[in-house]
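J.: Got a structure for you, start.tsv, holding TSV, C-alpha atoms and all ligand atoms.
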```
chain	number	residue	atom	x	y	z
A	1	MET	CA	53.77	-3.47	-3.85
A	2	ASN	CA	54.12	-1.81	-0.43
A	3	ALA	CA	51.37	-1.49	2.17
A	4	SER	CA	50.27	2.05	1.32
A	5	THR	CA	49.99	1.22	-2.37
A	6	MET	CA	47.80	-1.69	-1.42
A	7	VAL	CA	45.58	0.56	0.72
A	8	VAL	CA	45.20	3.04	-2.16
A	9	ALA	CA	44.47	0.23	-4.61
A	10	PHE	CA	41.91	-1.20	-2.23
A	11	LEU	CA	40.17	2.18	-1.80
A	12	MET	CA	40.07	2.72	-5.56
A	13	LEU	CA	38.61	-0.72	-6.07
A	14	GLY	CA	35.94	0.21	-3.49
A	15	LEU	CA	35.13	3.40	-5.40
A	16	LEU	CA	34.67	1.40	-8.57
A	17	VAL	CA	32.62	-1.38	-7.05
A	18	ALA	CA	30.27	0.61	-4.78
A	19	PRO	CA	28.49	2.66	-7.47
A	20	SER	CA	28.28	-0.27	-9.86
A	21	ARG	CA	26.42	-2.28	-7.22
A	22	ALA	CA	23.91	0.58	-6.92
A	23	TRP	CA	23.71	0.89	-10.69
A	24	PRO	CA	20.83	-1.52	-11.52
A	25	ASP	CA	18.68	0.09	-8.81
A	26	TRP	CA	19.44	3.54	-10.07
A	27	TRP	CA	18.57	2.47	-13.59
A	28	ASP	CA	15.25	0.91	-12.48
A	29	ARG	CA	14.19	4.08	-10.66
A	30	THR	CA	15.13	6.23	-13.66
A	31	ARG	CA	13.23	4.01	-16.08
A	32	GLU	CA	10.18	4.01	-13.78
A	33	ALA	CA	10.33	7.78	-13.49
A	34	PHE	CA	10.41	8.07	-17.26
A	35	GLN	CA	7.50	5.64	-17.70
A	36	GLY	CA	5.59	7.43	-14.95
A	37	ALA	CA	6.10	10.77	-16.68
A	38	CYS	CA	4.70	9.19	-19.88
A	39	ASP	CA	1.67	7.92	-17.91
A	40	MET	CA	1.09	11.41	-16.53
A	41	TYR	CA	1.34	12.87	-20.00
A	42	SER	CA	-1.05	10.32	-21.48
A	43	ALA	CA	-3.62	11.02	-18.72
A	44	TYR	CA	-3.26	14.71	-19.43
A	45	SER	CA	-3.69	14.36	-23.18
A	46	ASP	CA	-6.67	12.01	-22.67
A	47	MET	CA	-8.19	14.67	-20.44
A	48	ARG	CA	-7.79	17.27	-23.19
A	49	GLU	CA	-9.17	14.91	-25.79
A	50	ALA	CA	-12.15	13.75	-23.69
A	51	ASN	CA	-13.09	17.38	-22.97
A	52	TRP	CA	-15.47	16.11	-20.32
A	53	THR	CA	-16.94	18.22	-17.54
A	54	ASN	CA	-15.63	17.38	-14.06
A	55	SER	CA	-13.23	14.76	-15.38
A	56	ASP	CA	-10.02	16.42	-14.17
A	57	LYS	CA	-9.93	14.67	-10.78
A	58	TYR	CA	-10.38	11.31	-12.50
A	59	PHE	CA	-7.50	11.94	-14.90
A	60	HIS	CA	-5.33	13.29	-12.09
A	61	ALA	CA	-5.97	10.12	-10.08
A	62	ARG	CA	-5.45	7.88	-13.12
A	63	GLY	CA	-2.14	9.48	-14.14
A	64	ASN	CA	-0.81	9.14	-10.61
A	65	TYR	CA	-2.15	5.60	-10.29
A	66	ASP	CA	-0.58	4.40	-13.56
A	67	ALA	CA	2.73	6.08	-12.75
A	68	ALA	CA	2.87	4.60	-9.24
A	69	GLN	CA	2.25	1.10	-10.66
A	70	ARG	CA	5.62	1.41	-12.46
A	71	GLY	CA	7.41	1.38	-9.11
A	72	PRO	CA	8.95	3.87	-6.67
A	73	GLY	CA	10.54	5.92	-9.48
A	74	GLY	CA	7.14	6.34	-11.14
A	75	ALA	CA	5.48	7.40	-7.89
A	76	TRP	CA	8.29	9.88	-7.36
A	77	ALA	CA	7.87	11.41	-10.84
A	78	ALA	CA	4.09	11.60	-10.41
A	79	GLY	CA	4.55	13.43	-7.10
A	80	VAL	CA	6.97	15.94	-8.61
A	81	ILE	CA	4.76	16.55	-11.66
A	82	SER	CA	1.55	16.82	-9.60
A	83	ASN	CA	3.02	19.17	-7.03
A	84	THR	CA	4.53	21.38	-9.71
A	85	ARG	CA	1.23	21.49	-11.59
A	86	GLU	CA	-0.83	22.32	-8.51
A	87	SER	CA	1.47	25.06	-7.30
A	88	TYR	CA	1.56	26.51	-10.80
A	89	GLN	CA	-2.25	26.42	-11.09
A	90	SER	CA	-2.92	27.92	-7.68
A	91	GLY	CA	-0.37	30.66	-8.35
A	92	LEU	CA	-1.30	31.68	-11.88
A	93	SER	CA	-4.78	30.70	-12.96
A	94	GLY	CA	-6.56	32.00	-9.87
A	95	GLN	CA	-7.92	28.52	-9.29
A	96	GLY	CA	-9.15	28.37	-5.71
A	97	ALA	CA	-7.08	26.85	-2.94
A	98	ALA	CA	-9.96	24.46	-2.21
A	99	ASP	CA	-9.88	23.12	-5.76
A	100	THR	CA	-6.11	22.69	-5.61
A	101	ALA	CA	-6.49	20.75	-2.38
A	102	ALA	CA	-9.18	18.56	-3.99
A	103	ASP	CA	-6.90	17.95	-7.00
A	104	GLN	CA	-4.09	16.98	-4.65
A	105	ALA	CA	-6.39	14.59	-2.81
A	106	ALA	CA	-7.11	12.88	-6.16
A	107	ASN	CA	-3.38	12.85	-7.01
A	108	ILE	CA	-2.45	11.26	-3.70
A	109	TRP	CA	-5.35	8.82	-3.85
A	110	GLY	CA	-4.15	7.45	-7.19
A	111	ARG	CA	-0.48	7.50	-6.18
A	112	ASN	CA	-1.29	5.37	-3.15
A	113	GLY	CA	-2.94	2.77	-5.37
A	114	GLY	CA	-6.55	3.94	-4.91
A	115	ASP	CA	-8.93	3.07	-7.74
A	116	PRO	CA	-9.16	6.13	-10.06
A	117	ASN	CA	-12.73	5.12	-10.98
A	118	VAL	CA	-14.08	6.57	-7.75
A	119	TYR	CA	-13.48	9.93	-9.47
A	120	ARG	CA	-14.92	8.86	-12.82
A	121	PRO	CA	-17.59	11.33	-13.94
A	122	LYS	CA	-20.95	9.96	-15.10
A	123	GLY	CA	-21.00	9.16	-18.81
A	124	LEU	CA	-17.26	9.49	-19.50
A	125	PRO	CA	-16.58	7.13	-22.45
A	126	PRO	CA	-15.19	3.82	-21.14
A	127	ARG	CA	-12.09	3.95	-23.36
A	128	TYR	CA	-10.58	6.52	-20.96
A	201	LIG	C1	-15.25	20.88	-25.45
A	201	LIG	O1	-16.63	20.81	-25.11
A	201	LIG	C2	-17.29	22.07	-25.11
A	201	LIG	C3	-18.69	21.86	-24.53
A	201	LIG	O2	-19.25	20.65	-24.98
A	201	LIG	C4	-17.28	22.62	-26.53
A	201	LIG	O3	-17.94	23.86	-26.56
A	201	LIG	C5	-15.83	22.79	-26.98
A	201	LIG	O4	-15.79	23.21	-28.33
A	201	LIG	C6	-15.06	21.47	-26.84
A	201	LIG	N1	-13.66	21.72	-27.09
A	201	LIG	C7	-12.91	20.88	-27.79
A	201	LIG	C8	-11.48	21.22	-27.89
A	201	LIG	O5	-13.36	19.90	-28.34
```
Spell out the structure here as structure tokens.
T.:
Amino acid sequence: MNASTMVVAFLMLGLLVAPSRAWPDWWDRTREAFQGACDMYSAYSDMREANWTNSDKYFHARGNYDAAQRGPGGAWAAGVISNTRESYQSGLSGQGAADTAADQAANIWGRNGGDPNVYRPKGLPPRY
């Protein structure tokens, strides 16, 4: 084996080893993002099922809170889903900018680990 072959072999070994060292981290973030997306979905379907006046901020905060508890990947997914939802709502449904901002405040509150119950509407069944 001459010197340049050794250099090439060394570089190729580096290419193989570098991503595999990042692999467990990458997998954790992906799993958290998936779990976080499930949390967001479950908050959304609970909100539909509860059909409770003024409960949307609570469910927004709860979905973001649960997702963020999964880890950085979950918080990331919650942010992407929330931002997409709010820009979609403010663009299409004619929902006011003030309400979108209030929804985002609830999203961010939950995502930062704030207790979703501060948004809980009076009388909402405790199972939610
Ligand atoms: C939600 O609640 C409203 C008011 O109580 C009621 O009129 C409506 O039928 C309910 N919708 C569903 C899907 O249960």
J.: If you count all atoms listed in the file, which residues end up within 9 Å of ligand LIG 201 (chain A), as a list in words?
T.: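 My answer, listing the contacting residues, is Arg48, Glu49, Ala50, Asn51, Trp52 and Thr53 of chain A.
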J.: List every protein, DNA or RNA residue with an atom no more than 12 Å from (4.0, 19.2, -5.9) in the file's coordinates, counting all atoms listed in the file, and format the result as an MDAnalysis selection string.
T.: chainID A and resid 76:90 100:101 103:105 107:108
J.: Let me have the centre and edge lengths of the axis-aligned box enclosing all listed atoms of segment 111-118 of chain A with 3 Å padding on every side, in Å to one decimal, as JSON.
T.:
```
{"center_x": -7.3, "center_y": 5.1, "center_z": -7.1, "size_x": 19.6, "size_y": 10.7, "size_z": 13.8}
```
J.: Determine the nearest neighbour of Tyr65 of chain A from the options A:Met40, A:Leu16, A:Met6, A:Val118, counting only C-alpha atoms.
T.: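 Between A:Met40, A:Leu16, A:Met6, A:Val118, the residue approaching Tyr65 of chain A most closely is A:Met40.
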J.: For atom CA of Tyr44 of chain A and atom CA of Tyr58 of chain A, determine how far apart the two atoms are, in Å to one decimal place.
T.: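 Value for the atom CA of Tyr44 of chain A-atom CA of Tyr58 of chain A distance: 10.5 Å.
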J.: Reconstruct all heavy atoms of segment 111-122 of chain A from the incomplete input and present them as a PDB file, in the coordinates of the input.
T.:
```pdb
ATOM      1  N   ARG A 111      -1.888   7.846  -6.412  1.00  0.00           N
ATOM      2  CA  ARG A 111      -0.480   7.500  -6.180  1.00  0.00           C
ATOM      3  C   ARG A 111      -0.358   6.423  -5.114  1.00  0.00           C
ATOM      4  O   ARG A 111       0.576   5.629  -5.136  1.00  0.00           O
ATOM      5  CB  ARG A 111       0.270   8.761  -5.764  1.00  0.00           C
ATOM      6  CG  ARG A 111       1.728   8.740  -6.093  1.00  0.00           C
ATOM      7  CD  ARG A 111       2.180  10.116  -6.494  1.00  0.00           C
ATOM      8  NE  ARG A 111       2.315  11.022  -5.365  1.00  0.00           N
ATOM      9  CZ  ARG A 111       1.744  12.233  -5.315  1.00  0.00           C
ATOM     10  NH1 ARG A 111       0.984  12.662  -6.278  1.00  0.00           N
ATOM     11  NH2 ARG A 111       1.934  13.011  -4.278  1.00  0.00           N
ATOM     12  N   ASN A 112      -1.309   6.401  -4.186  1.00  0.00           N
ATOM     13  CA  ASN A 112      -1.290   5.370  -3.150  1.00  0.00           C
ATOM     14  C   ASN A 112      -1.996   4.092  -3.578  1.00  0.00           C
ATOM     15  O   ASN A 112      -2.242   3.216  -2.761  1.00  0.00           O
ATOM     16  CB  ASN A 112      -1.915   5.903  -1.855  1.00  0.00           C
ATOM     17  CG  ASN A 112      -1.008   6.909  -1.170  1.00  0.00           C
ATOM     18  OD1 ASN A 112       0.201   6.908  -1.390  1.00  0.00           O
ATOM     19  ND2 ASN A 112      -1.576   7.768  -0.355  1.00  0.00           N
ATOM     20  N   GLY A 113      -2.342   3.999  -4.871  1.00  0.00           N
ATOM     21  CA  GLY A 113      -2.940   2.770  -5.370  1.00  0.00           C
ATOM     22  C   GLY A 113      -4.463   2.734  -5.258  1.00  0.00           C
ATOM     23  O   GLY A 113      -5.067   1.687  -5.475  1.00  0.00           O
ATOM     24  N   GLY A 114      -5.080   3.885  -4.963  1.00  0.00           N
ATOM     25  CA  GLY A 114      -6.550   3.940  -4.910  1.00  0.00           C
ATOM     26  C   GLY A 114      -7.137   3.861  -6.312  1.00  0.00           C
ATOM     27  O   GLY A 114      -6.538   4.350  -7.273  1.00  0.00           O
ATOM     28  N   ASP A 115      -8.291   3.246  -6.434  1.00  0.00           N
ATOM     29  CA  ASP A 115      -8.930   3.070  -7.740  1.00  0.00           C
ATOM     30  C   ASP A 115      -9.369   4.428  -8.304  1.00  0.00           C
ATOM     31  O   ASP A 115     -10.195   5.109  -7.702  1.00  0.00           O
ATOM     32  CB  ASP A 115     -10.156   2.157  -7.560  1.00  0.00           C
ATOM     33  CG  ASP A 115     -10.833   1.856  -8.885  1.00  0.00           C
ATOM     34  OD1 ASP A 115     -10.408   2.396  -9.922  1.00  0.00           O
ATOM     35  OD2 ASP A 115     -11.811   1.075  -8.869  1.00  0.00           O
ATOM     36  N   PRO A 116      -8.809   4.820  -9.470  1.00  0.00           N
ATOM     37  CA  PRO A 116      -9.160   6.130 -10.060  1.00  0.00           C
ATOM     38  C   PRO A 116     -10.646   6.236 -10.380  1.00  0.00           C
ATOM     39  O   PRO A 116     -11.180   7.342 -10.483  1.00  0.00           O
ATOM     40  CB  PRO A 116      -8.328   6.195 -11.344  1.00  0.00           C
ATOM     41  CG  PRO A 116      -7.322   5.106 -11.246  1.00  0.00           C
ATOM     42  CD  PRO A 116      -7.855   4.076 -10.296  1.00  0.00           C
ATOM     43  N   ASN A 117     -11.329   5.090 -10.568  1.00  0.00           N
ATOM     44  CA  ASN A 117     -12.730   5.120 -10.980  1.00  0.00           C
ATOM     45  C   ASN A 117     -13.671   5.737  -9.955  1.00  0.00           C
ATOM     46  O   ASN A 117     -14.803   6.086 -10.304  1.00  0.00           O
ATOM     47  CB  ASN A 117     -13.205   3.709 -11.345  1.00  0.00           C
ATOM     48  CG  ASN A 117     -12.611   3.272 -12.668  1.00  0.00           C
ATOM     49  OD1 ASN A 117     -12.696   3.994 -13.657  1.00  0.00           O
ATOM     50  ND2 ASN A 117     -11.968   2.116 -12.682  1.00  0.00           N
ATOM     51  N   VAL A 118     -13.207   5.890  -8.704  1.00  0.00           N
ATOM     52  CA  VAL A 118     -14.080   6.570  -7.750  1.00  0.00           C
ATOM     53  C   VAL A 118     -14.276   8.034  -8.160  1.00  0.00           C
ATOM     54  O   VAL A 118     -15.238   8.673  -7.760  1.00  0.00           O
ATOM     55  CB  VAL A 118     -13.553   6.500  -6.285  1.00  0.00           C
ATOM     56  CG1 VAL A 118     -13.343   5.062  -5.843  1.00  0.00           C
ATOM     57  CG2 VAL A 118     -12.284   7.291  -6.110  1.00  0.00           C
ATOM     58  N   TYR A 119     -13.375   8.548  -8.986  1.00  0.00           N
ATOM     59  CA  TYR A 119     -13.480   9.930  -9.470  1.00  0.00           C
ATOM     60  C   TYR A 119     -14.075  10.017 -10.877  1.00  0.00           C
ATOM     61  O   TYR A 119     -14.194  11.094 -11.431  1.00  0.00           O
ATOM     62  CB  TYR A 119     -12.099  10.596  -9.496  1.00  0.00           C
ATOM     63  CG  TYR A 119     -11.542  10.910  -8.136  1.00  0.00           C
ATOM     64  CD1 TYR A 119     -10.548  10.122  -7.566  1.00  0.00           C
ATOM     65  CD2 TYR A 119     -12.018  12.008  -7.414  1.00  0.00           C
ATOM     66  CE1 TYR A 119     -10.025  10.411  -6.312  1.00  0.00           C
ATOM     67  CE2 TYR A 119     -11.507  12.317  -6.165  1.00  0.00           C
ATOM     68  CZ  TYR A 119     -10.511  11.514  -5.621  1.00  0.00           C
ATOM     69  OH  TYR A 119     -10.002  11.818  -4.388  1.00  0.00           O
ATOM     70  N   ARG A 120     -14.423   8.859 -11.442  1.00  0.00           N
ATOM     71  CA  ARG A 120     -14.920   8.860 -12.820  1.00  0.00           C
ATOM     72  C   ARG A 120     -16.249   9.592 -12.930  1.00  0.00           C
ATOM     73  O   ARG A 120     -17.203   9.245 -12.236  1.00  0.00           O
ATOM     74  CB  ARG A 120     -15.086   7.406 -13.304  1.00  0.00           C
ATOM     75  CG  ARG A 120     -15.679   7.269 -14.698  1.00  0.00           C
ATOM     76  CD  ARG A 120     -15.792   5.813 -15.087  1.00  0.00           C
ATOM     77  NE  ARG A 120     -14.505   5.299 -15.572  1.00  0.00           N
ATOM     78  CZ  ARG A 120     -14.081   5.440 -16.835  1.00  0.00           C
ATOM     79  NH1 ARG A 120     -14.822   6.035 -17.713  1.00  0.00           N
ATOM     80  NH2 ARG A 120     -12.917   4.962 -17.189  1.00  0.00           N
ATOM     81  N   PRO A 121     -16.319  10.612 -13.806  1.00  0.00           N
ATOM     82  CA  PRO A 121     -17.590  11.330 -13.940  1.00  0.00           C
ATOM     83  C   PRO A 121     -18.598  10.491 -14.730  1.00  0.00           C
ATOM     84  O   PRO A 121     -18.208   9.674 -15.582  1.00  0.00           O
ATOM     85  CB  PRO A 121     -17.205  12.592 -14.719  1.00  0.00           C
ATOM     86  CG  PRO A 121     -15.958  12.234 -15.448  1.00  0.00           C
ATOM     87  CD  PRO A 121     -15.267  11.156 -14.667  1.00  0.00           C
ATOM     88  N   LYS A 122     -19.874  10.685 -14.428  1.00  0.00           N
ATOM     89  CA  LYS A 122     -20.950   9.960 -15.100  1.00  0.00           C
ATOM     90  C   LYS A 122     -20.851  10.173 -16.606  1.00  0.00           C
ATOM     91  O   LYS A 122     -20.747  11.301 -17.073  1.00  0.00           O
ATOM     92  CB  LYS A 122     -22.291  10.509 -14.631  1.00  0.00           C
ATOM     93  CG  LYS A 122     -23.101   9.577 -13.751  1.00  0.00           C
ATOM     94  CD  LYS A 122     -24.510  10.129 -13.560  1.00  0.00           C
ATOM     95  CE  LYS A 122     -25.449   9.085 -13.002  1.00  0.00           C
ATOM     96  NZ  LYS A 122     -24.924   8.364 -11.835  1.00  0.00           N
TER      97      LYS A 122
END
```
